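Okay, structure_7.cif is below, mmCIF, C-alpha atoms:
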data_my_file
loop_
_atom_site.label_atom_id
_atom_site.label_comp_id
_atom_site.auth_asym_id
_atom_site.auth_seq_id
_atom_site.Cartn_x
_atom_site.Cartn_y
_atom_site.Cartn_z
CA MET A 24 -19.74 47.84 7.82
CA ASN A 25 -20.50 51.41 6.94
CA PRO A 26 -21.10 51.60 3.19
CA ALA A 27 -19.84 55.20 3.22
CA ALA A 28 -16.38 53.88 3.93
CA GLN A 29 -16.20 52.04 0.64
CA SER A 30 -15.69 53.29 -2.87
CA PRO A 31 -18.71 53.01 -5.19
CA THR A 32 -17.02 50.24 -7.13
CA GLU A 33 -16.52 48.16 -4.03
CA PHE A 34 -20.12 48.87 -3.09
CA ASP A 35 -21.27 47.68 -6.53
CA GLU A 36 -19.25 44.50 -6.17
CA GLN A 37 -20.69 43.90 -2.75
CA LEU A 38 -24.23 44.29 -4.11
CA GLN A 39 -23.46 41.99 -7.04
CA SER A 40 -22.17 39.34 -4.67
CA LEU A 41 -25.25 39.61 -2.45
CA LEU A 42 -27.57 39.39 -5.46
CA GLY A 43 -25.73 36.28 -6.60
CA ARG A 44 -26.31 34.72 -3.18
CA CYS A 45 -29.98 35.76 -3.29
CA ALA A 46 -30.26 33.94 -6.62
CA ALA A 47 -29.05 30.87 -4.77
CA ALA A 48 -31.82 31.40 -2.14
CA ASP A 49 -29.50 32.65 0.63
CA ALA A 50 -31.84 34.46 3.06
CA ASP A 51 -28.95 36.00 5.02
CA ALA A 52 -27.79 37.71 1.83
CA LEU A 53 -31.22 39.28 1.35
CA GLN A 54 -31.15 40.57 4.91
CA ARG A 55 -27.70 42.09 4.35
CA LEU A 56 -28.83 43.59 1.05
CA TYR A 57 -31.89 45.05 2.75
CA ALA A 58 -29.72 46.68 5.40
CA LEU A 59 -27.54 48.27 2.73
CA VAL A 60 -30.05 49.54 0.17
CA SER A 61 -33.49 49.73 1.78
CA PRO A 62 -32.94 53.36 3.00
CA ILE A 63 -32.29 54.68 -0.52
CA LEU A 64 -35.03 52.55 -2.11
CA PHE A 65 -37.47 53.67 0.59
CA ALA A 66 -36.55 57.30 -0.11
CA CYS A 67 -37.10 56.62 -3.81
CA VAL A 68 -40.62 55.15 -3.46
CA THR A 69 -41.60 57.69 -0.81
CA ARG A 70 -40.74 60.58 -3.13
CA ILE A 71 -42.98 59.12 -5.85
CA LEU A 72 -45.87 57.89 -3.71
CA ARG A 73 -45.81 60.64 -1.04
CA ARG A 74 -47.77 58.43 1.34
CA ARG A 75 -45.80 56.54 3.93
CA ALA A 76 -48.08 53.50 4.26
CA LEU A 77 -48.15 53.04 0.50
CA ALA A 78 -44.38 53.49 0.31
CA GLU A 79 -43.93 50.76 2.94
CA GLU A 80 -46.14 48.42 0.90
CA ALA A 81 -44.12 49.27 -2.21
CA LEU A 82 -40.82 48.56 -0.42
CA GLN A 83 -42.05 45.11 0.57
CA ASP A 84 -42.99 44.40 -3.04
CA VAL A 85 -39.61 45.66 -4.23
CA PHE A 86 -37.62 43.28 -2.03
CA ILE A 87 -39.84 40.36 -2.93
CA SER A 88 -39.17 41.13 -6.61
CA ILE A 89 -35.43 41.44 -5.94
CA TRP A 90 -35.45 38.04 -4.23
CA GLN A 91 -37.43 36.41 -7.03
CA GLN A 92 -35.56 38.06 -9.91
CA ALA A 93 -32.00 38.04 -8.57
CA GLY A 94 -31.17 35.23 -10.98
CA GLN A 95 -32.13 37.45 -13.90
CA PHE A 96 -29.81 40.17 -12.67
CA THR A 97 -26.88 37.79 -12.37
CA ALA A 98 -27.50 36.78 -15.99
CA ILE A 99 -27.71 40.29 -17.45
CA ARG A 100 -25.22 41.91 -15.04
CA GLY A 101 -25.13 45.71 -15.27
CA ARG A 102 -25.24 48.09 -12.35
CA PRO A 103 -26.97 46.52 -9.36
CA MET A 104 -28.19 49.82 -7.89
CA ALA A 105 -29.70 50.92 -11.21
CA TRP A 106 -31.45 47.55 -11.50
CA MET A 107 -32.88 47.72 -7.97
CA MET A 108 -33.85 51.37 -8.25
CA SER A 109 -35.70 50.61 -11.50
CA ILE A 110 -37.67 47.86 -9.78
CA ALA A 111 -38.55 50.35 -7.01
CA ARG A 112 -39.51 53.21 -9.34
CA TYR A 113 -41.61 51.04 -11.65
CA ARG A 114 -43.44 49.52 -8.69
CA ALA A 115 -44.16 52.98 -7.29
CA ILE A 116 -45.41 54.20 -10.70
CA ASP A 117 -47.66 51.12 -10.92
CA LEU A 118 -49.08 51.89 -7.48
CA LEU A 119 -49.66 55.51 -8.51
CA ARG A 120 -51.70 54.22 -11.44
CA ARG A 121 -53.65 51.87 -9.18
CA GLU A 122 -54.36 54.45 -6.52
CA ARG A 123 -55.21 57.16 -9.07
CA PHE A 124 -54.51 59.95 -6.64
CA ALA A 125 -53.38 63.37 -7.65
CA PRO A 126 -49.82 64.38 -6.83
CA VAL A 127 -49.27 66.66 -3.88
CA LEU A 128 -48.66 70.10 -5.28
CA VAL A 129 -45.40 71.61 -4.18
CA ALA A 130 -45.53 75.38 -4.09
CA GLU A 131 -41.81 75.96 -4.30
CA MET A 132 -39.69 74.32 -6.92
CA PRO A 133 -36.34 73.06 -5.71
CA GLU A 134 -33.46 75.03 -7.20
CA ARG A 135 -31.33 73.18 -9.69
CA ARG A 136 -27.96 72.32 -8.25
CA THR A 137 -24.71 71.70 -10.05
CA PRO A 138 -22.11 69.23 -8.79
CA ASP A 139 -20.08 72.19 -7.49
CA ASP A 140 -22.98 73.32 -5.33
CA GLU A 141 -23.19 70.03 -3.47
CA PRO A 142 -21.73 70.05 0.00
CA ASP A 143 -18.91 67.55 0.53
CA SER A 144 -20.98 65.67 3.08
CA GLU A 145 -23.74 65.07 0.54
CA ARG A 146 -21.34 63.95 -2.15
CA SER A 147 -19.66 61.46 0.14
CA SER A 148 -22.97 60.15 1.46
CA ALA A 149 -24.15 59.17 -2.02
CA VAL A 150 -21.98 56.06 -2.04
CA TRP A 151 -24.84 54.10 -3.59
CA MET A 152 -24.51 56.23 -6.73
CA PRO A 153 -21.87 54.86 -9.09
CA PRO A 154 -19.55 57.42 -10.74
CA ALA A 155 -20.77 58.72 -14.09
CA GLU A 156 -18.62 61.60 -15.29
CA LEU A 157 -19.93 61.53 -18.85
CA MET A 158 -23.55 61.61 -17.70
CA GLU A 159 -22.74 64.53 -15.39
CA ARG A 160 -21.20 66.44 -18.30
CA CYS A 161 -24.24 65.67 -20.47
CA LEU A 162 -26.67 66.77 -17.75
CA ALA A 163 -24.79 70.04 -17.44
CA LEU A 164 -25.56 70.77 -21.10
CA LEU A 165 -29.32 70.78 -20.52
CA SER A 166 -31.25 73.99 -20.09
CA ASP A 167 -32.55 74.67 -16.57
CA MET A 168 -36.12 73.82 -17.54
CA GLN A 169 -35.13 70.63 -19.38
CA ALA A 170 -33.15 69.41 -16.36
CA ARG A 171 -35.88 70.44 -13.93
CA CYS A 172 -38.60 68.62 -15.88
CA LEU A 173 -36.49 65.45 -16.18
CA GLU A 174 -35.85 65.47 -12.42
CA MET A 175 -39.52 66.06 -11.64
CA ALA A 176 -40.46 63.07 -13.80
CA PHE A 177 -37.70 60.68 -12.73
CA VAL A 178 -37.36 61.44 -9.03
CA ASP A 179 -40.92 62.48 -8.13
CA GLY A 180 -42.82 60.28 -10.59
CA ASN A 181 -44.70 63.21 -12.12
CA SER A 182 -46.49 62.83 -15.45
CA HIS A 183 -46.33 65.49 -18.18
CA GLU A 184 -49.65 66.84 -16.92
CA ASP A 185 -48.47 66.96 -13.29
CA ILE A 186 -45.35 68.89 -14.24
CA ALA A 187 -47.30 71.36 -16.39
CA ARG A 188 -49.61 72.01 -13.45
CA LEU A 189 -46.80 72.28 -10.91
CA ILE A 190 -44.71 74.78 -12.85
CA GLY A 191 -47.60 76.57 -14.53
CA SER A 192 -46.45 76.01 -18.09
CA PRO A 193 -48.45 74.73 -21.07
CA LEU A 194 -48.52 70.93 -21.48
CA GLY A 195 -47.03 71.14 -24.96
CA THR A 196 -44.08 73.17 -23.68
CA VAL A 197 -43.37 70.64 -20.92
CA LYS A 198 -43.50 67.75 -23.40
CA SER A 199 -41.12 69.63 -25.64
CA TRP A 200 -38.63 70.31 -22.80
CA ILE A 201 -38.63 66.64 -21.85
CA ARG A 202 -38.36 65.37 -25.42
CA ARG A 203 -35.52 67.77 -26.24
CA GLY A 204 -33.79 67.05 -22.94
CA LEU A 205 -33.76 63.32 -23.62
CA ARG A 206 -32.62 63.89 -27.20
CA SER A 207 -29.78 66.10 -25.98
CA LEU A 208 -28.70 63.44 -23.47
CA ARG A 209 -28.82 60.73 -26.14
CA GLN A 210 -26.67 62.75 -28.55
CA CYS A 211 -24.19 63.68 -25.82
CA LEU A 212 -23.89 60.13 -24.44
CA GLU A 213 -23.31 58.65 -27.88
CA SER A 214 -20.98 61.34 -29.21
CA MET Q 292 -46.74 48.83 -31.22
CA LYS Q 293 -43.78 47.14 -32.87
CA PRO Q 294 -41.71 49.81 -34.55
CA ASP Q 295 -38.51 48.50 -36.11
CA ASN Q 296 -36.75 51.81 -36.11
CA VAL Q 297 -34.00 51.72 -33.51
CA GLN Q 298 -34.35 55.44 -32.86
CA ILE Q 299 -38.05 55.06 -32.07
CA ILE Q 300 -37.27 52.14 -29.76
CA ASP Q 301 -34.67 54.24 -28.00
CA ARG Q 302 -37.00 57.23 -27.61
CA LEU Q 303 -39.75 55.03 -26.16
CA ALA Q 304 -37.23 53.33 -23.84
CA SER Q 305 -36.01 56.68 -22.52
CA GLU Q 306 -39.57 57.87 -21.84
CA TYR Q 307 -40.48 54.54 -20.23
CA VAL Q 308 -37.48 54.71 -17.88
CA LEU Q 309 -38.08 58.40 -17.14
CA GLY Q 310 -41.65 57.47 -16.18
CA THR Q 311 -43.50 59.74 -18.61
CA LEU Q 312 -44.73 56.85 -20.76
CA ARG Q 313 -48.02 56.13 -19.00
CA GLY Q 314 -51.30 54.25 -19.28
CA PRO Q 315 -51.87 51.47 -21.83
CA ALA Q 316 -48.74 52.50 -23.76
CA ARG Q 317 -46.62 51.78 -20.67
CA ARG Q 318 -48.19 48.34 -20.18
CA LEU Q 319 -47.73 47.48 -23.87
CA PHE Q 320 -44.12 48.61 -23.71
CA GLU Q 321 -43.47 46.44 -20.63
CA ARG Q 322 -44.74 43.37 -22.49
CA TRP Q 323 -42.64 44.28 -25.50
CA ARG Q 324 -39.56 44.69 -23.31
CA ALA Q 325 -40.09 41.26 -21.76
CA SER Q 326 -40.02 39.61 -25.17
CA THR Q 327 -37.49 41.69 -27.13
CA PRO Q 328 -33.81 41.78 -26.14
CA LEU Q 329 -33.09 45.01 -28.05
CA VAL Q 330 -35.86 46.85 -26.20
CA ASP Q 331 -34.61 45.46 -22.90
CA GLN Q 332 -31.06 46.52 -23.74
CA ARG Q 333 -32.09 50.12 -24.48
CA CYS Q 334 -34.09 50.26 -21.25
CA ARG Q 335 -31.08 49.09 -19.25
CA PHE Q 336 -28.95 51.73 -20.98
CA TRP Q 337 -31.31 54.47 -19.82
CA GLU Q 338 -31.79 52.95 -16.35
CA ASP Q 339 -28.03 53.11 -15.78
CA ARG Q 340 -27.74 56.71 -17.04
CA LEU Q 341 -30.87 58.41 -15.74
CA MET Q 342 -30.22 57.06 -12.24
CA ARG Q 343 -27.87 60.04 -11.95
CA LEU Q 344 -30.93 62.29 -11.74
CA ALA Q 345 -31.65 60.81 -8.31
CA LYS Q 346 -28.30 61.79 -6.80
CA GLY Q 347 -29.98 64.28 -4.46
CA LEU Q 348 -32.13 61.62 -2.74
CA THR Q 349 -31.50 61.42 0.99
CA PRO Q 350 -31.74 57.87 2.37
CA VAL Q 351 -34.65 57.26 4.77
CA GLN Q 352 -34.58 54.33 7.20
CA PRO Q 353 -37.78 52.26 6.77
CA PRO Q 354 -39.59 51.09 9.93
CA ALA Q 355 -38.60 47.66 11.28
CA HIS Q 356 -41.99 46.11 10.55
CA VAL Q 357 -41.35 46.32 6.78
CA TRP Q 358 -38.52 43.77 7.00
CA THR Q 359 -40.67 41.56 9.24
CA ALA Q 360 -43.43 41.65 6.64
CA ILE Q 361 -40.99 40.77 3.85
CA GLN Q 362 -39.71 37.78 5.84
CA ARG Q 363 -43.28 36.65 6.45
CA ARG Q 364 -44.31 37.00 2.82
CA LEU Q 365 -41.25 35.11 1.59
CA LYS Q 366 -41.50 32.55 4.41
CA LEU Q 367 -37.88 33.25 5.35
CA THR Q 368 -36.50 32.28 8.69
CA THR Q 369 -33.16 33.44 10.01
CA PRO Q 370 -31.61 31.72 13.00
CA ARG Q 371 -31.76 33.66 16.27
CA PRO Q 372 -28.49 34.33 18.18
CA ALA Q 373 -29.19 31.60 20.76
CA LEU Q 374 -29.79 29.07 18.02
CA ARG Q 375 -26.59 30.15 16.29
CA ARG Q 376 -24.64 29.46 19.50
CA MET Q 377 -26.27 26.07 19.79
CA ARG Q 378 -25.48 25.31 16.19
CA SER Q 379 -21.83 26.28 16.75
CA PHE Q 380 -21.70 23.98 19.75
CA ALA Q 381 -23.19 21.17 17.77
CA LEU Q 382 -20.68 21.74 14.99
CA ALA Q 383 -17.80 21.59 17.42
CA ALA Q 384 -19.19 18.58 19.23
CA SER Q 385 -19.94 16.35 16.31
CA VAL Q 386 -18.49 16.71 12.84
CA LEU Q 387 -20.06 13.37 11.98
CA LEU Q 388 -23.51 14.67 12.75
CA VAL Q 389 -23.01 17.62 10.38
CA VAL Q 390 -21.66 15.41 7.63
CA GLY Q 391 -24.64 13.14 8.05
CA LEU Q 392 -27.05 16.06 8.00
CA ALA Q 393 -25.41 17.56 4.92
CA GLY Q 394 -25.64 14.21 3.20
CA LEU Q 395 -29.31 13.97 4.10
CA LEU Q 396 -30.00 17.50 2.82
CA TYR Q 397 -28.10 16.75 -0.38
CA TRP Q 398 -30.09 13.56 -0.89
CA ARG Q 399 -33.39 15.31 -0.13
CA GLY Q 400 -32.52 18.19 -2.47
CA HIS Q 401 -31.90 15.83 -5.28
CA GLN Q 402 -35.02 13.86 -4.49
CA THR Q 403 -37.35 16.84 -4.75
CA ILE Q 404 -35.94 19.17 -7.40
CA HIS Q 405 -35.37 17.73 -10.85
CA ALA Q 406 -34.35 19.43 -14.03
CA THR Q 407 -36.81 18.61 -16.81
CA VAL Q 408 -34.46 19.35 -19.69
CA VAL Q 409 -30.67 19.35 -19.70
CA SER Q 410 -27.89 20.02 -22.17
CA THR Q 411 -24.12 19.81 -22.12
CA ILE Q 412 -22.17 22.19 -24.29
CA SER Q 413 -18.79 20.68 -25.04
CA ALA Q 414 -15.65 21.60 -26.93
CA LYS Q 415 -14.47 19.42 -29.85
CA SER Q 416 -12.01 17.86 -27.43
CA GLY Q 417 -15.00 16.61 -25.42
CA GLU Q 418 -14.32 18.88 -22.48
CA HIS Q 419 -17.51 20.24 -20.92
CA ILE Q 420 -17.89 24.03 -21.19
CA TRP Q 421 -21.39 24.67 -19.81
CA GLU Q 422 -24.01 22.47 -18.22
CA LEU Q 423 -27.57 23.70 -18.74
CA GLU Q 424 -30.59 22.70 -16.69
CA VAL Q 425 -34.21 23.77 -17.23
CA PHE Q 426 -36.53 23.40 -14.26
CA GLY Q 427 -40.28 23.17 -13.88
CA ASN Q 428 -42.48 23.82 -16.90
CA MET Q 429 -39.60 25.48 -18.78
CA ASP Q 430 -39.70 28.15 -16.05
CA ARG Q 431 -36.08 28.56 -14.97
CA LEU Q 432 -32.80 28.07 -16.77
CA VAL Q 433 -29.65 27.44 -14.79
CA ALA Q 434 -26.27 27.52 -16.56
CA HIS Q 435 -23.13 26.21 -14.88
CA ALA Q 436 -19.81 27.29 -16.36
CA ALA Q 437 -17.17 24.55 -16.43
CA ARG Q 438 -13.99 25.02 -18.48
CA LEU Q 439 -14.41 27.98 -20.81
CA PRO Q 440 -12.09 28.56 -23.76
CA ALA Q 441 -10.53 32.04 -23.91
CA ARG Q 442 -13.08 34.46 -25.34
CA PRO Q 443 -12.35 37.56 -27.40
CA ALA Q 444 -11.85 40.65 -25.24
CA GLY Q 445 -14.98 42.71 -24.66
CA ARG Q 446 -17.32 39.93 -25.83
CA ASP Q 447 -19.89 37.69 -24.21
CA TYR Q 448 -21.15 34.22 -25.02
CA GLU Q 449 -24.92 34.27 -25.65
CA LEU Q 450 -27.18 31.22 -25.58
CA TRP Q 451 -29.92 30.69 -28.18
CA ALA Q 452 -32.85 28.29 -28.46
CA LEU Q 453 -33.20 26.98 -32.02
CA PRO Q 454 -36.97 26.40 -32.47
CA LYS Q 455 -37.94 24.18 -35.37
CA GLY Q 456 -38.89 26.35 -38.37
CA GLY Q 457 -38.23 29.63 -36.54
CA ALA Q 458 -35.54 32.19 -35.84
CA PRO Q 459 -33.20 31.74 -32.86
CA VAL Q 460 -34.51 33.09 -29.56
CA SER Q 461 -32.05 34.48 -27.04
CA LEU Q 462 -31.85 32.69 -23.69
CA GLY Q 463 -29.44 35.27 -22.29
CA VAL Q 464 -25.74 35.74 -21.80
CA LEU Q 465 -23.88 32.73 -20.38
CA PRO Q 466 -21.78 33.06 -17.23
CA SER Q 467 -18.02 32.99 -17.64
CA GLU Q 468 -17.67 31.43 -14.21
CA GLY Q 469 -19.93 30.01 -11.53
CA ALA Q 470 -23.60 29.64 -12.31
CA SER Q 471 -26.42 31.88 -13.47
CA SER Q 472 -30.12 31.36 -12.98
CA ARG Q 473 -32.87 33.15 -14.86
CA ILE Q 474 -36.66 33.04 -15.10
CA LEU Q 475 -37.66 32.41 -18.70
CA THR Q 476 -40.17 34.65 -20.48
CA ALA Q 477 -43.20 33.23 -22.25
CA ILE Q 478 -41.47 33.56 -25.63
CA GLN Q 479 -38.33 31.83 -24.37
CA LYS Q 480 -40.42 28.99 -22.90
CA ARG Q 481 -42.32 28.47 -26.16
CA ALA Q 482 -39.10 28.52 -28.19
CA LEU Q 483 -37.40 26.06 -25.86
CA ALA Q 484 -40.39 23.70 -25.93
CA ILE Q 485 -40.07 23.27 -29.73
CA SER Q 486 -36.28 23.24 -29.86
CA SER Q 487 -34.12 20.17 -30.01
CA GLN Q 488 -30.87 22.13 -29.96
CA VAL Q 489 -29.30 25.23 -28.44
CA ALA Q 490 -26.49 27.33 -29.87
CA VAL Q 491 -23.89 29.72 -28.47
CA SER Q 492 -22.69 32.82 -30.33
CA ILE Q 493 -20.06 35.45 -29.57
CA GLU Q 494 -21.72 38.84 -29.02
CA PRO Q 495 -20.92 42.34 -27.75
CA LEU Q 496 -20.88 42.66 -23.95
CA GLY Q 497 -24.39 42.31 -22.58
CA GLY Q 498 -25.66 40.34 -25.57
CA SER Q 499 -26.70 40.83 -29.17
CA PRO Q 500 -27.95 44.37 -29.86
CA THR Q 501 -30.34 43.14 -32.58
CA GLY Q 502 -32.15 40.25 -30.89
CA GLN Q 503 -30.55 37.80 -33.33
CA PRO Q 504 -27.04 36.30 -33.38
CA THR Q 505 -24.59 38.85 -34.83
CA GLY Q 506 -21.32 36.99 -34.19
CA ASP Q 507 -20.04 33.53 -34.99
CA ILE Q 508 -22.00 30.51 -33.75
CA VAL Q 509 -19.29 28.67 -31.86
CA PHE Q 510 -21.19 25.80 -30.23
CA VAL Q 511 -24.36 23.82 -30.95
CA ALA Q 512 -25.61 21.19 -28.50
CA PRO Q 513 -28.66 18.91 -28.31
CA LEU Q 514 -31.32 19.29 -25.62
CA ARG Q 515 -32.37 16.11 -23.89
CA THR Q 516 -35.03 15.17 -21.41
CA ALA Q 517 -33.53 14.72 -17.96
CA SER Q 518 -33.49 11.14 -16.77
#
Go ahead and express the file in the form of C-alpha cells.
Amino acid sequence: MNPAAQSPTEFDEQLQSLLGRCAAADADALQRLYALVSPILFACVTRILRRRALAEEALQDVFISIWQQAGQFTAIRGRPMAWMMSIARYRAIDLLRRERFAPVLVAEMPERRTPDDEPDSERSSAVWMPPAELMERCLALLSDMQARCLEMAFVDGNSHEDIARLIGSPLGTVKSWIRRGLRSLRQCLES
Amino acid sequence: MKPDNVQIIDRLASEYVLGTLRGPARRLFERWRASTPLVDQRCRFWEDRLMRLAKGLTPVQPPAHVWTAIQRRLKLTTPRPALRRMRSFALAASVLLVVGLAGLLYWRGHQTIHATVVSTISAKSGEHIWELEVFGNMDRLVAHAARLPARPAGRDYELWALPKGGAPVSLGVLPSEGASSRILTAIQKRALAISSQVAVSIEPLGGSPTGQPTGDIVFVAPLRTAS
C-alpha cells in the first residue's frame, strides 16, 4: 500500500497498530513498519550525521530500539512518528558526540520557505507528517533568523557553535535567537 | 540538576529536544527524564511540536543490507515464500496438527515465561478491571484491560506503586482496552520492590502533570508473588 494514498490520521493509526504488534514480538509488523518509515528516518539521521555508513549504523540502532521499546510507546501513546523520529535524532546526536567530527560546512544557507511556497507534490508527499495548524501558525510568527537557527539545530543536528560558524554570527547572538524562538513558540502554543 | 520550576523544566526540555542541550548536561537531562514523569511529559510535548521543523525532509531509501543487519541483530526470522506455501498446505491438510502445535506452543510458552509478581484490580462488585503482571527482575510490566468502568471524558487511569514509607511512583497510564507492556525504569523497579500495593488514579490524558496523583484514587489492590 502506498502511504501517500492515506490521510495522515490513517497513517498514524497504522503506525500505532504496527507498534502494538511489535510490542507483542510480531516480527512481520517490524518489517512492515520498516518499509513504511525507514526512508524518512534514514533521511533524518543522514542529515545529522552526513556520513552514509554512520547513518546506516544509526538506522539499525533506531529499529532495534523501536522493537525493544514499542511496549513503552503503547503505554504512553502520543504521535508514533514523533516518537520514532525522536529515537532517530537522539541516536544520531549521540553518535555525533561519539565520533567528535566537525560538521560539514555548507556555504549556502537554504532559503526559508513558507507553507505557501511548498509545491503541491512536496506537501502531499509528506504524509508521515501529522497535521499541525497551530504549530504552523506559531512558526510563521518567528523571525527569519530564529526559524533558520531552529531548523539548523533540529534538522541538521548543529550545536550553537556550529550554527554561529555556519552563518557567521556571534555565538551569543545565535543563542539568543534560539532562546527567543523557543520562548515565542511556547507562548504561542499555550496562548 | 533538579530545578522544581516548571518553566525551567520546560525550557530545558525544549533545548534537549531541539538538540542544542549538549555534553554532560544532555546526559544528566536524559537520566532525569527517565525518572521524572513531568520532565518526560514536557519532552514529549516538544517532540510532537518541533517535528514540524522537519517537514522539508525528503525520504531516502536505505540500502537493503540495513534491514538484513537488523534481522540478524534481533535474531528475527521471517518465513520465505516457499515455506509460506508449505505452511498453507499443511494448514489445509491437517487442522488437527495445527491445533496440536498451537497447544504445544501455548504449553511451552507458559512453561518458560513466568510473571514474578501479579495483581488483580477489581471493582467493588468483584469484577476484574485490570490484570497486572511483572516479569523478570521487576523489568517489564504488562497490564491487561478487562472490564473497565466508564471513565470521565478526557481522562486517563494511571497506575502507581505505593512504596512503604515513600511517595507514590507512577507506573504509567493503564490501557483502556487490550494490553500494554512497558520496560520499568530503575526508580519504578525499586519502588515496586518495596511496595505491597498499587493504586489507580484518574488523571489528565497522558498522565499526571506533576509526577504525583492529582485526581481521585479510585482503586487500590495488593501485589502478590506469582505462584
Report as a PDB file with C-alpha atoms, in the coordinates of the input all protein, DNA and RNA residues lying within 12 Å of Gln298 (chain Q), evaluated on all atoms listed in the file, omitting residues in the same chain fewer than 6 positions from it.
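The new file around32.pdb reads:
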ATOM      1  CA  ARG A 206     -32.620  63.890 -27.200  1.00  0.00           C
ATOM      2  CA  ARG A 209     -28.820  60.730 -26.140  1.00  0.00           C
ATOM      3  CA  GLN A 210     -26.670  62.750 -28.550  1.00  0.00           C
TER       4      GLN A 210
ATOM      5  CA  ALA Q 304     -37.230  53.330 -23.840  1.00  0.00           C
ATOM      6  CA  SER Q 305     -36.010  56.680 -22.520  1.00  0.00           C
ATOM      7  CA  LEU Q 329     -33.090  45.010 -28.050  1.00  0.00           C
ATOM      8  CA  VAL Q 330     -35.860  46.850 -26.200  1.00  0.00           C
ATOM      9  CA  ARG Q 333     -32.090  50.120 -24.480  1.00  0.00           C
TER      10      ARG Q 333
END
Using all atoms listed in the file and a cut-off of 6 Å, which residues of chain Q sit close to chain A? Please list them as a short mmCIF file (atom, residue, chain, number, x, y, z; two decimals) with C-alpha atoms, in the coordinates of the input.
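After the write, out_4.cif holds the following:
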data_model
loop_
_atom_site.label_atom_id
_atom_site.label_comp_id
_atom_site.auth_asym_id
_atom_site.auth_seq_id
_atom_site.Cartn_x
_atom_site.Cartn_y
_atom_site.Cartn_z
CA LEU Q 309 -38.08 58.40 -17.14
CA THR Q 311 -43.50 59.74 -18.61
CA GLU Q 338 -31.79 52.95 -16.35
CA ASP Q 339 -28.03 53.11 -15.78
CA LEU Q 344 -30.93 62.29 -11.74
CA ALA Q 345 -31.65 60.81 -8.31
CA PRO Q 350 -31.74 57.87 2.37
CA VAL Q 351 -34.65 57.26 4.77
CA GLN Q 352 -34.58 54.33 7.20
CA ILE Q 361 -40.99 40.77 3.85
CA SER Q 471 -26.42 31.88 -13.47
CA SER Q 472 -30.12 31.36 -12.98
CA ARG Q 473 -32.87 33.15 -14.86
#
Shortest contact to Asp430 (chain Q), candidates Q:Asn296, Q:Thr516, Q:Gln332, Q:Thr407, atoms counted all atoms listed in the file, goes to Q:Thr407
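Counting from CA of Pro495 (chain Q), the distance to CA of Lys346 (chain Q) is 29.5 Å.
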Straight-line distance linking CA of Ser486 (chain Q) with CA of Val408 (chain Q), stated in Å to one decimal: 11.0 Å
Could you tell me which residues the PyMOL selection byres ((chain Q and resi 504) around 12) grabs in this file, written as JSON, numbers by chain? {"Q": [328, 329, 447, 448, 449, 450, 451, 452, 453, 458, 459, 460, 461, 462, 463, 464, 490, 491, 492, 493, 494, 495, 498, 499, 500, 501, 502, 503, 505, 506, 507, 508, 509]}
